[in-house]
Amino acid sequence: MYEEIPRVELTPAAADLLRRLHAAHGPLMFHQSGGCCDGSAPMCYPEGEFRTGGSDVLLAELYVDGVEEPVGFWMSRSQYEAWSHTRLIVDVVEGRGSGFSLEAPEGVRFLTRSRVVGA
């Protein structure tokens with residue numbers, strides 16, 4: 001039986017961080033733009049704090065054990081066109097990322113890794 005490969009997945013470290021952020025901030029969402037610097041990293045916001053529109057694509061609703069609501073993963077349409085052939089893996093690395101993303105005070109940042117679909 002064919003099983004669809006998820007477009008976006010979380011590492012265990014990313015899921016752990018999302019549980020902590022959810023406990024502190026409530027429902028969450030990601031947005032990844034095609035901007036420079038930190039704009040190309042996934043930014044985590046309280047759900048609805050980042051306005052999405054016609055220039056964004058909802059790639060996934062991520063389910064995290066211990067978090068009641070799914071975490072939406074949005075990407076700018078232009079970024080999606082460049083990454084449409086990949087599976088995205090959201091991870092966490094040491095170091096401070098953007099001040100706009102909720103994990104910034106934690107001393108870590110979310111990072112997207114990718115694999116070509118089918119690989």
# chains A, B, ... in the order shown; residues from 1 in each chain; ligands from 1

call {"tool": "residues_around", "arguments": {"residues": "Tyr63 (chain A)", "least_positions_apart": "6", "cutoff": "12 Å", "atoms": "only C-alpha atoms", "output": "PyMOL selection string"}}
result
chain A and resi 6+8-10+14-15+18-19+27-29+69-73

call {"tool": "select_by_dssp", "arguments": {"residues": "region 12-61 of chain A", "states": "alpha helix (DSSP H)", "output": "list in words"}}
result
Pro12, Ala13, Ala14, Ala15, Asp16, Leu17, Leu18, Arg19, Arg20, Leu21, His22, Ala23, Ala24 and His25 of chain A

call {"tool": "residues_around", "arguments": {"residues": "region 80-96 of chain A", "least_positions_apart": "3", "cutoff": "6 Å", "atoms": "only C-alpha atoms", "output": "list in words"}}
result
Arg7, Val8, Glu9, Leu10, Thr11, Ala14, Arg77, Ala104, Gly107, Val108, Arg109, Phe110, Leu111, Thr112, Arg113, Ser114, Arg115, Val116 and Val117 of chain A

call {"tool": "write_last_selection", "arguments": {"atoms": "N, CA and C atoms", "output": "tab-separated table (two decimals), in the first residue's frame"}}
result
chain	number	residue	atom	x	y	z
A	7	ARG	N	5.17	16.26	3.55
A	7	ARG	CA	5.93	17.38	2.96
A	7	ARG	C	6.81	18.05	4.00
A	8	VAL	N	6.35	18.05	5.25
A	8	VAL	CA	7.09	18.68	6.34
A	8	VAL	C	7.06	17.73	7.52
A	9	GLU	N	8.20	17.56	8.16
A	9	GLU	CA	8.25	16.74	9.37
A	9	GLU	C	9.13	17.43	10.41
A	10	LEU	N	9.02	16.96	11.63
A	10	LEU	CA	9.76	17.54	12.75
A	10	LEU	C	10.76	16.53	13.29
A	11	THR	N	11.93	17.01	13.68
A	11	THR	CA	12.85	16.15	14.43
A	11	THR	C	12.34	16.07	15.86
A	14	ALA	N	12.87	19.38	17.59
A	14	ALA	CA	11.91	20.42	17.20
A	14	ALA	C	10.57	20.19	17.90
A	77	ARG	N	4.79	31.55	-1.40
A	77	ARG	CA	4.60	30.82	-2.66
A	77	ARG	C	5.89	30.81	-3.49
A	104	ALA	N	13.70	32.47	19.97
A	104	ALA	CA	14.89	33.32	20.09
A	104	ALA	C	15.43	33.41	21.52
A	107	GLY	N	17.94	30.52	23.11
A	107	GLY	CA	19.33	30.27	22.72
A	107	GLY	C	19.48	29.23	21.62
A	108	VAL	N	18.35	28.93	20.96
A	108	VAL	CA	18.35	27.98	19.84
A	108	VAL	C	17.53	28.60	18.72
A	109	ARG	N	17.58	27.95	17.55
A	109	ARG	CA	16.75	28.43	16.45
A	109	ARG	C	16.29	27.24	15.63
A	110	PHE	N	15.12	27.42	15.02
A	110	PHE	CA	14.63	26.41	14.10
A	110	PHE	C	15.41	26.52	12.80
A	111	LEU	N	15.59	25.40	12.13
A	111	LEU	CA	16.32	25.33	10.88
A	111	LEU	C	15.61	24.32	9.99
A	112	THR	N	15.50	24.62	8.72
A	112	THR	CA	14.89	23.68	7.78
A	112	THR	C	15.98	22.95	7.01
A	113	ARG	N	15.89	21.66	7.04
A	113	ARG	CA	16.76	20.81	6.20
A	113	ARG	C	15.84	20.25	5.12
A	114	SER	N	16.40	19.82	4.02
A	114	SER	CA	15.53	19.30	2.96
A	114	SER	C	16.11	18.04	2.35
A	115	ARG	N	15.21	17.23	1.83
A	115	ARG	CA	15.57	16.03	1.06
A	115	ARG	C	14.73	16.04	-0.19
A	116	VAL	N	15.31	15.63	-1.28
A	116	VAL	CA	14.55	15.52	-2.52
A	116	VAL	C	13.49	14.44	-2.33
A	117	VAL	N	12.26	14.74	-2.72
A	117	VAL	CA	11.18	13.77	-2.57
A	117	VAL	C	11.54	12.51	-3.35

call {"tool": "atom_distance", "arguments": {"atom1": "CA of Arg51 (chain A)", "atom2": "CA of Ser101 (chain A)"}}
result
14.2 Å

call {"tool": "residues_around", "arguments": {"residues": "Leu102 (chain A)", "least_positions_apart": "4", "cutoff": "10 Å", "atoms": "only C-alpha atoms", "output": "NGL selection string"}}
result
:A and (18 or 21-22 or 24-25 or 28 or 43-46 or 97-98 or 106 or 109-110)

call {"tool": "decode", "arguments": {"residues": "region 94-110 of chain A", "atoms": "all heavy atoms", "output": "compact mmCIF listing (two decimals), in the first residue's frame"}}
result
# COMPACT_ATOMS: atom_id res chain seq x y z
N GLU A 94 21.75 25.02 17.98
CA GLU A 94 22.21 26.02 18.94
C GLU A 94 22.44 27.34 18.23
O GLU A 94 22.78 27.38 17.05
CB GLU A 94 23.54 25.57 19.58
CG GLU A 94 23.44 24.32 20.41
CD GLU A 94 22.74 24.56 21.74
OE1 GLU A 94 22.92 25.65 22.33
OE2 GLU A 94 22.01 23.66 22.17
N GLY A 95 22.24 28.42 18.93
CA GLY A 95 22.48 29.74 18.37
C GLY A 95 21.21 30.53 18.26
O GLY A 95 20.12 29.98 18.15
N ARG A 96 21.36 31.80 18.32
CA ARG A 96 20.21 32.69 18.31
C ARG A 96 19.82 33.02 16.89
O ARG A 96 20.63 33.41 16.07
CB ARG A 96 20.57 33.95 19.08
CG ARG A 96 19.40 34.75 19.48
CD ARG A 96 19.87 35.83 20.46
NE ARG A 96 19.11 37.03 20.27
CZ ARG A 96 17.90 37.22 20.76
NH1 ARG A 96 17.34 36.27 21.45
NH2 ARG A 96 17.26 38.33 20.55
N GLY A 97 18.54 32.87 16.59
CA GLY A 97 18.02 33.21 15.28
C GLY A 97 17.37 34.57 15.31
O GLY A 97 17.83 35.48 16.00
N SER A 98 16.27 34.71 14.64
CA SER A 98 15.56 35.97 14.54
C SER A 98 14.90 36.34 15.86
O SER A 98 14.37 35.49 16.56
CB SER A 98 14.49 35.88 13.46
OG SER A 98 13.64 37.00 13.52
N GLY A 99 14.89 37.61 16.17
CA GLY A 99 14.20 38.09 17.35
C GLY A 99 12.70 38.00 17.22
O GLY A 99 11.98 38.14 18.20
N PHE A 100 12.18 37.77 16.00
CA PHE A 100 10.74 37.68 15.79
C PHE A 100 10.18 36.29 16.08
O PHE A 100 9.00 36.12 16.30
CB PHE A 100 10.37 38.07 14.35
CG PHE A 100 10.70 39.50 14.04
CD1 PHE A 100 11.67 39.80 13.12
CD2 PHE A 100 10.04 40.53 14.69
CE1 PHE A 100 11.98 41.12 12.82
CE2 PHE A 100 10.35 41.85 14.41
CZ PHE A 100 11.32 42.15 13.47
N SER A 101 11.03 35.26 16.03
CA SER A 101 10.58 33.90 16.23
C SER A 101 10.57 33.58 17.72
O SER A 101 11.48 33.99 18.46
CB SER A 101 11.49 32.95 15.46
OG SER A 101 10.90 31.67 15.35
N LEU A 102 9.57 32.84 18.16
CA LEU A 102 9.36 32.60 19.59
C LEU A 102 10.51 31.90 20.29
O LEU A 102 10.68 32.04 21.50
CB LEU A 102 8.08 31.78 19.81
CG LEU A 102 6.77 32.50 19.55
CD1 LEU A 102 5.61 31.52 19.69
CD2 LEU A 102 6.60 33.67 20.50
N GLU A 103 11.31 31.13 19.57
CA GLU A 103 12.40 30.40 20.23
C GLU A 103 13.64 31.25 20.49
O GLU A 103 14.56 30.80 21.17
CB GLU A 103 12.77 29.14 19.42
CG GLU A 103 13.70 29.36 18.24
CD GLU A 103 13.01 29.92 17.00
OE1 GLU A 103 11.79 30.20 17.04
OE2 GLU A 103 13.69 30.09 15.98
N ALA A 104 13.70 32.47 19.97
CA ALA A 104 14.89 33.32 20.09
C ALA A 104 15.43 33.41 21.52
O ALA A 104 16.64 33.27 21.73
CB ALA A 104 14.63 34.70 19.50
N PRO A 105 14.60 33.64 22.53
CA PRO A 105 15.14 33.74 23.90
C PRO A 105 15.68 32.41 24.46
O PRO A 105 16.36 32.41 25.48
CB PRO A 105 13.93 34.20 24.73
CG PRO A 105 12.96 34.74 23.76
CD PRO A 105 13.19 34.01 22.48
N GLU A 106 15.40 31.30 23.79
CA GLU A 106 15.84 29.99 24.27
C GLU A 106 17.29 29.68 23.94
O GLU A 106 17.82 28.66 24.36
CB GLU A 106 14.95 28.90 23.66
CG GLU A 106 13.47 29.06 23.91
CD GLU A 106 13.06 28.62 25.31
OE1 GLU A 106 13.65 27.66 25.84
OE2 GLU A 106 12.14 29.25 25.84
N GLY A 107 17.94 30.52 23.11
CA GLY A 107 19.33 30.27 22.72
C GLY A 107 19.48 29.23 21.62
O GLY A 107 20.55 28.70 21.39
N VAL A 108 18.35 28.93 20.96
CA VAL A 108 18.35 27.98 19.84
C VAL A 108 17.53 28.60 18.72
O VAL A 108 16.88 29.63 18.91
CB VAL A 108 17.74 26.62 20.24
CG1 VAL A 108 18.60 25.92 21.27
CG2 VAL A 108 16.31 26.77 20.74
N ARG A 109 17.58 27.95 17.55
CA ARG A 109 16.75 28.43 16.45
C ARG A 109 16.29 27.24 15.63
O ARG A 109 16.95 26.21 15.58
CB ARG A 109 17.51 29.42 15.58
CG ARG A 109 18.72 28.87 14.91
CD ARG A 109 19.51 29.98 14.22
NE ARG A 109 20.73 29.45 13.64
CZ ARG A 109 20.85 29.01 12.41
NH1 ARG A 109 19.82 29.04 11.59
NH2 ARG A 109 22.00 28.55 11.97
N PHE A 110 15.12 27.42 15.02
CA PHE A 110 14.63 26.41 14.10
C PHE A 110 15.41 26.52 12.80
O PHE A 110 15.85 27.61 12.41
CB PHE A 110 13.13 26.61 13.82
CG PHE A 110 12.25 26.21 14.97
CD1 PHE A 110 11.61 27.17 15.72
CD2 PHE A 110 12.07 24.87 15.29
CE1 PHE A 110 10.78 26.82 16.77
CE2 PHE A 110 11.25 24.50 16.34
CZ PHE A 110 10.60 25.47 17.09
